[in-house]
>>> print(open('data38.txt').read())   # compact mmCIF, N, CA and C atoms
# COMPACT_ATOMS: atom_id res chain seq x y z
N MET A 1 15.05 7.57 16.03
CA MET A 1 13.83 8.35 16.01
C MET A 1 12.93 7.90 17.14
N PRO A 2 12.42 8.83 17.97
CA PRO A 2 11.59 8.44 19.11
C PRO A 2 10.25 7.86 18.66
N THR A 3 9.74 6.94 19.45
CA THR A 3 8.46 6.32 19.16
C THR A 3 7.35 7.22 19.66
N THR A 4 6.36 7.47 18.79
CA THR A 4 5.20 8.26 19.17
C THR A 4 4.03 7.32 19.32
N LEU A 5 3.38 7.38 20.47
CA LEU A 5 2.21 6.53 20.72
C LEU A 5 0.94 7.33 20.49
N THR A 6 -0.08 6.65 20.03
CA THR A 6 -1.39 7.25 19.84
C THR A 6 -2.43 6.20 20.18
N ASN A 7 -3.67 6.61 20.32
CA ASN A 7 -4.75 5.67 20.57
C ASN A 7 -5.54 5.46 19.28
N CYS A 8 -5.93 4.21 19.04
CA CYS A 8 -6.79 3.90 17.91
C CYS A 8 -8.14 4.59 18.14
N GLY A 9 -8.65 5.25 17.12
CA GLY A 9 -9.92 5.94 17.23
C GLY A 9 -11.12 5.02 17.28
N ILE A 10 -10.93 3.72 17.05
CA ILE A 10 -12.04 2.78 17.08
C ILE A 10 -12.02 1.95 18.37
N CYS A 11 -10.90 1.27 18.64
CA CYS A 11 -10.84 0.38 19.81
C CYS A 11 -10.15 1.02 21.01
N GLY A 12 -9.42 2.12 20.79
CA GLY A 12 -8.74 2.81 21.90
C GLY A 12 -7.39 2.23 22.27
N LYS A 13 -6.99 1.15 21.61
CA LYS A 13 -5.72 0.50 21.91
C LYS A 13 -4.55 1.45 21.65
N ARG A 14 -3.57 1.46 22.57
CA ARG A 14 -2.35 2.25 22.37
C ARG A 14 -1.51 1.56 21.30
N THR A 15 -1.04 2.33 20.37
CA THR A 15 -0.25 1.79 19.29
C THR A 15 0.74 2.85 18.84
N GLU A 16 1.80 2.42 18.18
CA GLU A 16 2.77 3.36 17.65
C GLU A 16 2.13 4.12 16.49
N ALA A 17 2.39 5.40 16.41
CA ALA A 17 1.83 6.22 15.33
C ALA A 17 2.24 5.68 13.97
N ALA A 18 3.45 5.13 13.88
CA ALA A 18 3.92 4.58 12.60
C ALA A 18 3.04 3.43 12.14
N ASP A 19 2.46 2.67 13.08
CA ASP A 19 1.58 1.57 12.71
C ASP A 19 0.29 2.08 12.07
N CYS A 20 -0.10 3.31 12.38
CA CYS A 20 -1.33 3.90 11.85
C CYS A 20 -1.09 4.67 10.56
N GLU A 21 0.17 4.89 10.24
CA GLU A 21 0.52 5.79 9.13
C GLU A 21 -0.19 5.43 7.83
N LEU A 22 -0.09 4.19 7.40
CA LEU A 22 -0.74 3.78 6.16
C LEU A 22 -2.15 3.30 6.39
N ILE A 23 -2.36 2.61 7.49
CA ILE A 23 -3.66 2.00 7.74
C ILE A 23 -4.71 3.05 8.07
N GLY A 24 -4.36 4.03 8.87
CA GLY A 24 -5.36 4.96 9.38
C GLY A 24 -5.49 6.28 8.67
N ASP A 25 -4.58 6.62 7.78
CA ASP A 25 -4.59 7.96 7.20
C ASP A 25 -5.89 8.33 6.51
N ILE A 26 -6.52 7.41 5.81
CA ILE A 26 -7.72 7.80 5.07
C ILE A 26 -8.96 7.79 5.95
N TRP A 27 -8.87 7.20 7.12
CA TRP A 27 -9.98 7.21 8.05
C TRP A 27 -9.56 7.97 9.29
N MET A 28 -10.23 9.03 9.59
CA MET A 28 -9.89 9.78 10.79
C MET A 28 -10.86 9.39 11.87
N PRO A 29 -10.49 9.24 13.08
CA PRO A 29 -9.12 9.34 13.56
C PRO A 29 -8.29 8.12 13.15
N ALA A 30 -7.01 8.15 13.44
CA ALA A 30 -6.11 7.05 13.10
C ALA A 30 -6.62 5.75 13.70
N THR A 31 -6.41 4.67 12.97
CA THR A 31 -6.84 3.36 13.44
C THR A 31 -5.64 2.43 13.53
N CYS A 32 -5.73 1.49 14.46
CA CYS A 32 -4.66 0.50 14.58
C CYS A 32 -4.77 -0.49 13.41
N MET A 33 -3.78 -1.33 13.28
CA MET A 33 -3.73 -2.29 12.18
C MET A 33 -4.96 -3.20 12.17
N ALA A 34 -5.35 -3.72 13.31
CA ALA A 34 -6.48 -4.66 13.36
C ALA A 34 -7.79 -3.97 12.97
N CYS A 35 -8.04 -2.77 13.51
CA CYS A 35 -9.27 -2.05 13.18
C CYS A 35 -9.27 -1.57 11.73
N GLY A 36 -8.10 -1.16 11.24
CA GLY A 36 -7.99 -0.75 9.85
C GLY A 36 -8.30 -1.90 8.91
N ARG A 37 -7.85 -3.10 9.25
CA ARG A 37 -8.13 -4.29 8.45
C ARG A 37 -9.63 -4.59 8.44
N LYS A 38 -10.26 -4.52 9.60
CA LYS A 38 -11.71 -4.77 9.68
C LYS A 38 -12.49 -3.76 8.84
N ARG A 39 -12.08 -2.51 8.93
CA ARG A 39 -12.75 -1.45 8.17
C ARG A 39 -12.55 -1.66 6.66
N LEU A 40 -11.35 -2.03 6.27
CA LEU A 40 -11.04 -2.29 4.87
C LEU A 40 -11.97 -3.38 4.33
N LEU A 41 -12.09 -4.47 5.05
CA LEU A 41 -12.93 -5.59 4.61
C LEU A 41 -14.41 -5.19 4.56
N ALA A 42 -14.85 -4.42 5.55
CA ALA A 42 -16.25 -3.96 5.57
C ALA A 42 -16.55 -3.03 4.40
N ASP A 43 -15.55 -2.29 3.94
CA ASP A 43 -15.73 -1.36 2.83
C ASP A 43 -15.58 -2.03 1.46
N GLY A 44 -15.27 -3.33 1.42
CA GLY A 44 -15.17 -4.04 0.16
C GLY A 44 -13.76 -4.29 -0.32
N GLY A 45 -12.77 -4.05 0.53
CA GLY A 45 -11.38 -4.33 0.17
C GLY A 45 -11.02 -5.78 0.44
N LEU A 46 -9.80 -6.13 0.12
CA LEU A 46 -9.31 -7.50 0.31
C LEU A 46 -7.98 -7.46 1.05
N VAL A 47 -7.71 -8.54 1.79
CA VAL A 47 -6.42 -8.73 2.44
C VAL A 47 -5.82 -10.01 1.88
N VAL A 48 -4.55 -9.93 1.46
CA VAL A 48 -3.85 -11.08 0.88
C VAL A 48 -2.67 -11.43 1.77
N GLN A 49 -2.58 -12.69 2.15
CA GLN A 49 -1.44 -13.19 2.92
C GLN A 49 -0.64 -14.11 2.00
N LEU A 50 0.62 -13.78 1.80
CA LEU A 50 1.48 -14.61 0.95
C LEU A 50 2.09 -15.74 1.76
N SER A 51 2.20 -16.91 1.15
CA SER A 51 2.85 -18.04 1.84
C SER A 51 4.36 -17.89 1.81
N HIS A 52 4.88 -17.15 0.82
CA HIS A 52 6.31 -16.87 0.73
C HIS A 52 6.49 -15.60 -0.10
N PRO A 53 7.60 -14.92 0.06
CA PRO A 53 7.80 -13.68 -0.70
C PRO A 53 7.95 -13.96 -2.19
N PRO A 54 7.60 -12.98 -3.02
CA PRO A 54 7.78 -13.15 -4.47
C PRO A 54 9.26 -13.32 -4.81
N GLU A 55 9.52 -14.10 -5.84
CA GLU A 55 10.90 -14.30 -6.28
C GLU A 55 11.50 -12.96 -6.71
N HIS A 56 12.72 -12.71 -6.31
CA HIS A 56 13.48 -11.50 -6.63
C HIS A 56 12.94 -10.23 -5.97
N ALA A 57 12.14 -10.37 -4.92
CA ALA A 57 11.64 -9.19 -4.20
C ALA A 57 12.81 -8.47 -3.53
N ARG A 58 12.80 -7.16 -3.57
CA ARG A 58 13.88 -6.35 -3.00
C ARG A 58 13.60 -5.93 -1.56
N PHE A 59 12.38 -6.13 -1.09
CA PHE A 59 12.02 -5.76 0.28
C PHE A 59 10.82 -6.61 0.70
N GLU A 60 10.58 -6.64 1.99
CA GLU A 60 9.49 -7.44 2.54
C GLU A 60 8.17 -6.69 2.38
N LEU A 61 7.17 -7.34 1.81
CA LEU A 61 5.88 -6.70 1.54
C LEU A 61 4.97 -6.64 2.76
N GLY A 62 5.10 -7.59 3.68
CA GLY A 62 4.16 -7.67 4.79
C GLY A 62 2.80 -8.09 4.28
N GLU A 63 1.76 -7.72 5.01
CA GLU A 63 0.39 -8.03 4.59
C GLU A 63 0.04 -7.15 3.39
N ILE A 64 -0.67 -7.70 2.42
CA ILE A 64 -1.08 -6.94 1.24
C ILE A 64 -2.56 -6.60 1.38
N GLN A 65 -2.85 -5.31 1.30
CA GLN A 65 -4.23 -4.85 1.39
C GLN A 65 -4.62 -4.18 0.08
N LEU A 66 -5.73 -4.61 -0.48
CA LEU A 66 -6.24 -4.07 -1.74
C LEU A 66 -7.45 -3.20 -1.42
N ARG A 67 -7.31 -1.91 -1.63
CA ARG A 67 -8.39 -0.97 -1.31
C ARG A 67 -9.49 -1.06 -2.37
N PRO A 68 -10.75 -0.76 -1.98
CA PRO A 68 -11.89 -0.88 -2.90
C PRO A 68 -11.74 -0.09 -4.19
N GLY A 69 -11.22 1.12 -4.13
CA GLY A 69 -11.05 1.93 -5.33
C GLY A 69 -10.11 1.29 -6.34
N ALA A 70 -9.04 0.72 -5.85
CA ALA A 70 -8.09 0.03 -6.73
C ALA A 70 -8.73 -1.21 -7.34
N LEU A 71 -9.50 -1.94 -6.54
CA LEU A 71 -10.19 -3.12 -7.09
C LEU A 71 -11.17 -2.71 -8.19
N HIS A 72 -11.84 -1.58 -8.00
CA HIS A 72 -12.78 -1.09 -9.01
C HIS A 72 -12.03 -0.74 -10.30
N VAL A 73 -10.92 -0.01 -10.18
CA VAL A 73 -10.13 0.38 -11.35
C VAL A 73 -9.62 -0.86 -12.09
N LEU A 74 -9.14 -1.85 -11.35
CA LEU A 74 -8.62 -3.07 -11.99
C LEU A 74 -9.74 -3.88 -12.64
N THR A 75 -10.89 -3.93 -12.00
CA THR A 75 -12.03 -4.64 -12.58
C THR A 75 -12.47 -3.99 -13.89
N GLU A 76 -12.50 -2.65 -13.92
CA GLU A 76 -12.86 -1.94 -15.15
C GLU A 76 -11.93 -2.30 -16.31
N SER A 77 -10.65 -2.44 -16.00
CA SER A 77 -9.69 -2.72 -17.07
C SER A 77 -9.47 -4.21 -17.31
N GLY A 78 -10.08 -5.05 -16.46
CA GLY A 78 -9.94 -6.50 -16.63
C GLY A 78 -8.57 -7.02 -16.24
N GLU A 79 -7.89 -6.31 -15.33
CA GLU A 79 -6.55 -6.70 -14.92
C GLU A 79 -6.54 -7.27 -13.51
N HIS A 80 -5.56 -8.11 -13.24
CA HIS A 80 -5.34 -8.70 -11.93
C HIS A 80 -4.35 -7.85 -11.15
N TYR A 81 -4.46 -7.86 -9.84
CA TYR A 81 -3.57 -7.04 -9.01
C TYR A 81 -2.13 -7.56 -8.97
N TRP A 82 -1.92 -8.86 -9.16
CA TRP A 82 -0.61 -9.45 -8.92
C TRP A 82 0.53 -8.86 -9.76
N PRO A 83 0.35 -8.61 -11.07
CA PRO A 83 1.48 -8.03 -11.82
C PRO A 83 1.96 -6.69 -11.26
N PHE A 84 1.03 -5.89 -10.73
CA PHE A 84 1.42 -4.60 -10.15
C PHE A 84 2.21 -4.80 -8.85
N ILE A 85 1.76 -5.73 -8.02
CA ILE A 85 2.46 -6.04 -6.77
C ILE A 85 3.85 -6.59 -7.08
N LEU A 86 3.92 -7.47 -8.06
CA LEU A 86 5.20 -8.09 -8.42
C LEU A 86 6.20 -7.07 -8.94
N ARG A 87 5.77 -6.19 -9.82
CA ARG A 87 6.67 -5.12 -10.32
C ARG A 87 7.19 -4.27 -9.16
N HIS A 88 6.28 -3.91 -8.29
CA HIS A 88 6.64 -3.09 -7.13
C HIS A 88 7.67 -3.80 -6.25
N ALA A 89 7.41 -5.07 -5.94
CA ALA A 89 8.31 -5.84 -5.08
C ALA A 89 9.69 -5.99 -5.68
N ARG A 90 9.77 -6.00 -6.99
CA ARG A 90 11.06 -6.15 -7.67
C ARG A 90 11.78 -4.81 -7.88
N GLY A 91 11.18 -3.72 -7.38
CA GLY A 91 11.85 -2.43 -7.41
C GLY A 91 11.52 -1.55 -8.60
N ASP A 92 10.56 -1.96 -9.43
CA ASP A 92 10.14 -1.13 -10.57
C ASP A 92 9.08 -0.16 -10.06
N SER A 93 9.43 1.12 -9.93
CA SER A 93 8.49 2.10 -9.39
C SER A 93 7.56 2.67 -10.44
N GLY A 94 7.58 2.13 -11.64
CA GLY A 94 6.63 2.52 -12.68
C GLY A 94 6.75 3.97 -13.08
N ASN A 95 5.63 4.68 -13.06
CA ASN A 95 5.58 6.07 -13.50
C ASN A 95 6.39 7.00 -12.61
N PHE A 96 6.62 6.64 -11.35
CA PHE A 96 7.42 7.50 -10.49
C PHE A 96 8.86 7.57 -10.96
N ALA A 97 9.33 6.51 -11.61
CA ALA A 97 10.70 6.52 -12.12
C ALA A 97 10.86 7.59 -13.19
N ALA A 98 9.83 7.81 -13.98
CA ALA A 98 9.90 8.80 -15.05
C ALA A 98 9.83 10.23 -14.51
N ARG A 99 9.24 10.41 -13.31
CA ARG A 99 9.06 11.75 -12.76
C ARG A 99 10.11 12.13 -11.73
N THR A 100 11.04 11.25 -11.49
CA THR A 100 12.07 11.52 -10.50
C THR A 100 13.42 11.26 -11.13
N THR A 101 14.45 11.45 -10.35
CA THR A 101 15.78 11.14 -10.86
C THR A 101 16.06 9.65 -10.77
N ASN A 102 15.13 8.88 -10.17
CA ASN A 102 15.31 7.43 -10.10
C ASN A 102 15.17 6.83 -11.48
N ARG A 103 15.83 5.73 -11.69
CA ARG A 103 15.65 4.94 -12.91
C ARG A 103 14.72 3.77 -12.57
N ALA A 104 14.07 3.24 -13.60
CA ALA A 104 13.27 2.03 -13.38
C ALA A 104 14.20 0.98 -12.78
N GLY A 105 13.69 0.22 -11.86
CA GLY A 105 14.52 -0.78 -11.20
C GLY A 105 15.00 -0.31 -9.84
N LYS A 106 14.78 0.95 -9.50
CA LYS A 106 15.13 1.47 -8.18
C LYS A 106 13.85 1.91 -7.49
N ALA A 107 13.71 1.59 -6.24
CA ALA A 107 12.52 1.95 -5.49
C ALA A 107 12.48 3.45 -5.25
N PHE A 108 11.28 4.03 -5.31
CA PHE A 108 11.07 5.44 -5.00
C PHE A 108 10.61 5.51 -3.55
N LEU A 109 11.32 6.26 -2.72
CA LEU A 109 10.95 6.42 -1.31
C LEU A 109 10.29 7.78 -1.12
N ASN A 110 9.15 7.79 -0.43
CA ASN A 110 8.55 9.08 -0.11
C ASN A 110 9.21 9.64 1.14
N GLY A 111 8.79 10.79 1.60
CA GLY A 111 9.40 11.45 2.74
C GLY A 111 9.26 10.69 4.05
N ARG A 112 8.39 9.71 4.12
CA ARG A 112 8.19 8.93 5.34
C ARG A 112 8.93 7.61 5.32
N GLY A 113 9.68 7.34 4.26
CA GLY A 113 10.42 6.09 4.17
C GLY A 113 9.63 4.94 3.60
N ASN A 114 8.42 5.21 3.10
CA ASN A 114 7.63 4.17 2.46
C ASN A 114 8.05 4.05 1.01
N ILE A 115 7.94 2.86 0.47
CA ILE A 115 8.29 2.59 -0.93
C ILE A 115 7.03 2.77 -1.76
N VAL A 116 7.10 3.63 -2.77
CA VAL A 116 5.92 4.03 -3.52
C VAL A 116 6.12 3.74 -5.01
N SER A 117 5.11 3.17 -5.64
CA SER A 117 5.11 2.94 -7.08
C SER A 117 3.78 3.41 -7.66
N GLU A 118 3.81 3.83 -8.91
CA GLU A 118 2.58 4.21 -9.60
C GLU A 118 2.58 3.53 -10.96
N TYR A 119 1.44 2.95 -11.30
CA TYR A 119 1.29 2.26 -12.58
C TYR A 119 0.00 2.73 -13.24
N ARG A 120 -0.10 2.51 -14.53
CA ARG A 120 -1.32 2.80 -15.28
C ARG A 120 -1.94 1.48 -15.74
N THR A 121 -3.26 1.42 -15.64
CA THR A 121 -3.97 0.24 -16.14
C THR A 121 -4.05 0.33 -17.66
N LEU A 122 -4.59 -0.69 -18.28
CA LEU A 122 -4.76 -0.70 -19.73
C LEU A 122 -5.69 0.42 -20.19
N LEU A 123 -6.55 0.91 -19.30
CA LEU A 123 -7.45 2.02 -19.62
C LEU A 123 -6.84 3.37 -19.25
N GLY A 124 -5.59 3.37 -18.78
CA GLY A 124 -4.91 4.62 -18.46
C GLY A 124 -5.16 5.16 -17.08
N LYS A 125 -5.88 4.42 -16.24
CA LYS A 125 -6.13 4.89 -14.87
C LYS A 125 -4.95 4.53 -13.98
N ARG A 126 -4.68 5.40 -13.01
CA ARG A 126 -3.53 5.20 -12.12
C ARG A 126 -3.89 4.31 -10.93
N VAL A 127 -2.94 3.49 -10.52
CA VAL A 127 -2.99 2.77 -9.24
C VAL A 127 -1.65 2.95 -8.56
N TRP A 128 -1.69 3.04 -7.27
CA TRP A 128 -0.48 3.18 -6.47
C TRP A 128 -0.26 1.92 -5.65
N VAL A 129 1.00 1.58 -5.45
CA VAL A 129 1.37 0.52 -4.53
C VAL A 129 2.34 1.17 -3.54
N ILE A 130 2.01 1.07 -2.25
CA ILE A 130 2.82 1.70 -1.20
C ILE A 130 3.14 0.64 -0.16
N THR A 131 4.42 0.54 0.20
CA THR A 131 4.84 -0.42 1.21
C THR A 131 5.54 0.28 2.35
N ALA A 132 5.09 -0.02 3.56
CA ALA A 132 5.84 0.28 4.77
C ALA A 132 6.60 -1.02 5.03
N PRO A 133 7.89 -1.09 4.68
CA PRO A 133 8.62 -2.36 4.63
C PRO A 133 8.41 -3.25 5.86
N GLY A 134 8.06 -4.51 5.54
CA GLY A 134 7.88 -5.52 6.57
C GLY A 134 6.57 -5.44 7.31
N THR A 135 5.76 -4.41 7.04
CA THR A 135 4.52 -4.23 7.77
C THR A 135 3.30 -4.46 6.89
N VAL A 136 3.14 -3.60 5.88
CA VAL A 136 1.95 -3.65 5.04
C VAL A 136 2.27 -3.07 3.67
N THR A 137 1.60 -3.63 2.66
CA THR A 137 1.65 -3.11 1.30
C THR A 137 0.22 -2.82 0.88
N LEU A 138 -0.02 -1.62 0.37
CA LEU A 138 -1.34 -1.22 -0.07
C LEU A 138 -1.37 -1.07 -1.57
N LEU A 139 -2.44 -1.54 -2.20
CA LEU A 139 -2.71 -1.24 -3.60
C LEU A 139 -3.96 -0.38 -3.56
N LEU A 140 -3.85 0.85 -4.08
CA LEU A 140 -4.95 1.78 -3.95
C LEU A 140 -5.04 2.71 -5.15
N ALA A 141 -6.21 3.31 -5.31
CA ALA A 141 -6.37 4.38 -6.28
C ALA A 141 -5.90 5.65 -5.60
N PRO A 142 -5.34 6.61 -6.36
CA PRO A 142 -4.77 7.81 -5.74
C PRO A 142 -5.68 8.52 -4.75
N GLY A 143 -6.97 8.58 -4.98
CA GLY A 143 -7.89 9.25 -4.06
C GLY A 143 -8.08 8.54 -2.73
N GLU A 144 -7.59 7.33 -2.60
CA GLU A 144 -7.76 6.56 -1.37
C GLU A 144 -6.66 6.77 -0.35
N TYR A 145 -5.65 7.55 -0.69
CA TYR A 145 -4.53 7.75 0.24
C TYR A 145 -4.81 8.87 1.18
>>> encode(input="data38.txt", output="structure tokens")
Amino acid sequence: MPTTLTNCGICGKRTEAADCELIGDIWMPATCMACGRKRLLADGGLVVQLSHPPEHARFELGEIQLRPGALHVLTESGEHYWPFILRHARGDSGNFAARTTNRAGKAFLNGRGNIVSEYRTLLGKRVWVITAPGTVTLLLAPGEY
């Protein structure tokens, strides 16, 4: 697949469009990884760097970014983000398994090749975990994508 280059709408740096796919989609114009991270933190999100991959992970998570909406949903229900990330990393796609021909334990891939999971909090609110393998993993509320 040919590489498509684009410019970051904040710093102007040339970057591959694939690098902006998850980071820049909710902020137009597309942003590079570094500017997307700065914007995430300014908006109240968190960035998590793991010292080692989770045990039994089926793919590389990369940097983990927790979007503000997801943090709000988890705070409301009194839940921590880690169990959702861990289930996702181990290939449990949660609610997506029930809506597709996939079985629990198999990763659900969207049309862009990203690994997608959906879970419900104790209060019944949805959170999504999306990974562009080896690059970035996002935990977000559905409206943040």
>>> atom_distance(input="data38.txt", atom1="atom CA of Leu61 of chain A", atom2="atom CA of Pro133 of chain A")
6.0 Å
>>> closest_residue(input="data38.txt", among="A:Ile115, A:Leu71, A:Met33, A:Leu86", to="Val127 of chain A", atoms="only C-alpha atoms")
A:Leu71
>>> atom_distance(input="data38.txt", atom1="atom CA of Gly124 of chain A", atom2="atom CA of Leu66 of chain A")
18.9 Å
>>> atom_distance(input="data38.txt", atom1="atom C of Ile64 of chain A", atom2="atom C of Glu118 of chain A")
16.8 Å
>>> closest_residue(input="data38.txt", among="A:Asp43, A:Asp92, A:Glu60, A:Glu55", to="Gly134 of chain A", atoms="only N, CA and C atoms")
A:Glu60
>>> select_by_dssp(input="data38.txt", residues="segment 32-133 of chain A", states="alpha helix (DSSP H)", output="JSON, numbers by chain")
{"A": [33, 34, 35, 36, 37, 38, 39, 40, 41, 42, 68, 69, 70, 71, 72, 73, 74, 75, 76, 77, 82, 83, 84, 85, 86, 87, 88, 89, 95, 96, 97, 98, 99]}
>>> write_last_selection(input="data38.txt", atoms="N, CA and C atoms", output="short mmCIF file (atom, residue, chain, number, x, y, z; two decimals), in the frame of the given file")
data_model
loop_
_atom_site.label_atom_id
_atom_site.label_comp_id
_atom_site.auth_asym_id
_atom_site.auth_seq_id
_atom_site.Cartn_x
_atom_site.Cartn_y
_atom_site.Cartn_z
N MET A 33 -3.78 -1.33 13.28
CA MET A 33 -3.73 -2.29 12.18
C MET A 33 -4.96 -3.20 12.17
N ALA A 34 -5.35 -3.72 13.31
CA ALA A 34 -6.48 -4.66 13.36
C ALA A 34 -7.79 -3.97 12.97
N CYS A 35 -8.04 -2.77 13.51
CA CYS A 35 -9.27 -2.05 13.18
C CYS A 35 -9.27 -1.57 11.73
N GLY A 36 -8.10 -1.16 11.24
CA GLY A 36 -7.99 -0.75 9.85
C GLY A 36 -8.30 -1.90 8.91
N ARG A 37 -7.85 -3.10 9.25
CA ARG A 37 -8.13 -4.29 8.45
C ARG A 37 -9.63 -4.59 8.44
N LYS A 38 -10.26 -4.52 9.60
CA LYS A 38 -11.71 -4.77 9.68
C LYS A 38 -12.49 -3.76 8.84
N ARG A 39 -12.08 -2.51 8.93
CA ARG A 39 -12.75 -1.45 8.17
C ARG A 39 -12.55 -1.66 6.66
N LEU A 40 -11.35 -2.03 6.27
CA LEU A 40 -11.04 -2.29 4.87
C LEU A 40 -11.97 -3.38 4.33
N LEU A 41 -12.09 -4.47 5.05
CA LEU A 41 -12.93 -5.59 4.61
C LEU A 41 -14.41 -5.19 4.56
N ALA A 42 -14.85 -4.42 5.55
CA ALA A 42 -16.25 -3.96 5.57
C ALA A 42 -16.55 -3.03 4.40
N PRO A 68 -10.75 -0.76 -1.98
CA PRO A 68 -11.89 -0.88 -2.90
C PRO A 68 -11.74 -0.09 -4.19
N GLY A 69 -11.22 1.12 -4.13
CA GLY A 69 -11.05 1.93 -5.33
C GLY A 69 -10.11 1.29 -6.34
N ALA A 70 -9.04 0.72 -5.85
CA ALA A 70 -8.09 0.03 -6.73
C ALA A 70 -8.73 -1.21 -7.34
N LEU A 71 -9.50 -1.94 -6.54
CA LEU A 71 -10.19 -3.12 -7.09
C LEU A 71 -11.17 -2.71 -8.19
N HIS A 72 -11.84 -1.58 -8.00
CA HIS A 72 -12.78 -1.09 -9.01
C HIS A 72 -12.03 -0.74 -10.30
N VAL A 73 -10.92 -0.01 -10.18
CA VAL A 73 -10.13 0.38 -11.35
C VAL A 73 -9.62 -0.86 -12.09
N LEU A 74 -9.14 -1.85 -11.35
CA LEU A 74 -8.62 -3.07 -11.99
C LEU A 74 -9.74 -3.88 -12.64
N THR A 75 -10.89 -3.93 -12.00
CA THR A 75 -12.03 -4.64 -12.58
C THR A 75 -12.47 -3.99 -13.89
N GLU A 76 -12.50 -2.65 -13.92
CA GLU A 76 -12.86 -1.94 -15.15
C GLU A 76 -11.93 -2.30 -16.31
N SER A 77 -10.65 -2.44 -16.00
CA SER A 77 -9.69 -2.72 -17.07
C SER A 77 -9.47 -4.21 -17.31
N TRP A 82 -1.92 -8.86 -9.16
CA TRP A 82 -0.61 -9.45 -8.92
C TRP A 82 0.53 -8.86 -9.76
N PRO A 83 0.35 -8.61 -11.07
CA PRO A 83 1.48 -8.03 -11.82
C PRO A 83 1.96 -6.69 -11.26
N PHE A 84 1.03 -5.89 -10.73
CA PHE A 84 1.42 -4.60 -10.15
C PHE A 84 2.21 -4.80 -8.85
N ILE A 85 1.76 -5.73 -8.02
CA ILE A 85 2.46 -6.04 -6.77
C ILE A 85 3.85 -6.59 -7.08
N LEU A 86 3.92 -7.47 -8.06
CA LEU A 86 5.20 -8.09 -8.42
C LEU A 86 6.20 -7.07 -8.94
N ARG A 87 5.77 -6.19 -9.82
CA ARG A 87 6.67 -5.12 -10.32
C ARG A 87 7.19 -4.27 -9.16
N HIS A 88 6.28 -3.91 -8.29
CA HIS A 88 6.64 -3.09 -7.13
C HIS A 88 7.67 -3.80 -6.25
N ALA A 89 7.41 -5.07 -5.94
CA ALA A 89 8.31 -5.84 -5.08
C ALA A 89 9.69 -5.99 -5.68
N ASN A 95 5.63 4.68 -13.06
CA ASN A 95 5.58 6.07 -13.50
C ASN A 95 6.39 7.00 -12.61
N PHE A 96 6.62 6.64 -11.35
CA PHE A 96 7.42 7.50 -10.49
C PHE A 96 8.86 7.57 -10.96
N ALA A 97 9.33 6.51 -11.61
CA ALA A 97 10.70 6.52 -12.12
C ALA A 97 10.86 7.59 -13.19
N ALA A 98 9.83 7.81 -13.98
CA ALA A 98 9.90 8.80 -15.05
C ALA A 98 9.83 10.23 -14.51
N ARG A 99 9.24 10.41 -13.31
CA ARG A 99 9.06 11.75 -12.76
C ARG A 99 10.11 12.13 -11.73
#
>>> closest_residue(input="data38.txt", among="A:Gln65, A:Thr75, A:Gln49, A:Thr6", to="Ile130 of chain A", atoms="only C-alpha atoms")
A:Gln65
>>> closest_residue(input="data38.txt", among="A:Ala42, A:Val129, A:Cys11, A:Leu74", to="His88 of chain A", atoms="all atoms listed in the file")
A:Val129
>>> residues_around(input="data38.txt", residues="Glu76 of chain A", least_positions_apart="5", cutoff="8 Å", atoms="only N, CA and C atoms", output="MDAnalysis selection string")
chainID A and resid 70:71 122:123
>>> residues_around(input="data38.txt", residues="Glu63 of chain A", least_positions_apart="4", cutoff="7 Å", atoms="only C-alpha atoms", output="PDB file with N, CA and C atoms, in the coordinates of the input")
ATOM      1  N   VAL A  48      -4.550  -9.930   1.460  1.00  0.00           N
ATOM      2  CA  VAL A  48      -3.850 -11.080   0.880  1.00  0.00           C
ATOM      3  C   VAL A  48      -2.670 -11.430   1.770  1.00  0.00           C
ATOM      4  N   GLN A  49      -2.580 -12.690   2.150  1.00  0.00           N
ATOM      5  CA  GLN A  49      -1.440 -13.190   2.920  1.00  0.00           C
ATOM      6  C   GLN A  49      -0.640 -14.110   2.000  1.00  0.00           C
ATOM      7  N   THR A 135       5.760  -4.410   7.040  1.00  0.00           N
ATOM      8  CA  THR A 135       4.520  -4.230   7.770  1.00  0.00           C
ATOM      9  C   THR A 135       3.300  -4.460   6.890  1.00  0.00           C
ATOM     10  N   VAL A 136       3.140  -3.600   5.880  1.00  0.00           N
ATOM     11  CA  VAL A 136       1.950  -3.650   5.040  1.00  0.00           C
ATOM     12  C   VAL A 136       2.270  -3.070   3.670  1.00  0.00           C
ATOM     13  N   THR A 137       1.600  -3.630   2.660  1.00  0.00           N
ATOM     14  CA  THR A 137       1.650  -3.110   1.300  1.00  0.00           C
ATOM     15  C   THR A 137       0.220  -2.820   0.880  1.00  0.00           C
TER      16      THR A 137
END
>>> closest_residue(input="data38.txt", among="A:Ser93, A:Pro68, A:Ser77, A:Ala34", to="Ala141 of chain A", atoms="all atoms listed in the file")
A:Pro68
>>> closest_residue(input="data38.txt", among="A:Arg87, A:Glu144, A:His72, A:Val47", to="Lys125 of chain A", atoms="only C-alpha atoms")
A:His72
>>> residues_near_point(input="data38.txt", point="(-1.3, -0.5, -10.0)", cutoff="5 Å", atoms="only N, CA and C atoms", output="ChimeraX atom specification")
/A:84,119,127-128
>>> select_by_dssp(input="data38.txt", residues="segment 14-97 of chain A", states="strand (DSSP E)", output="number ranges by chain")
A: 14-16, 46-48, 63-66
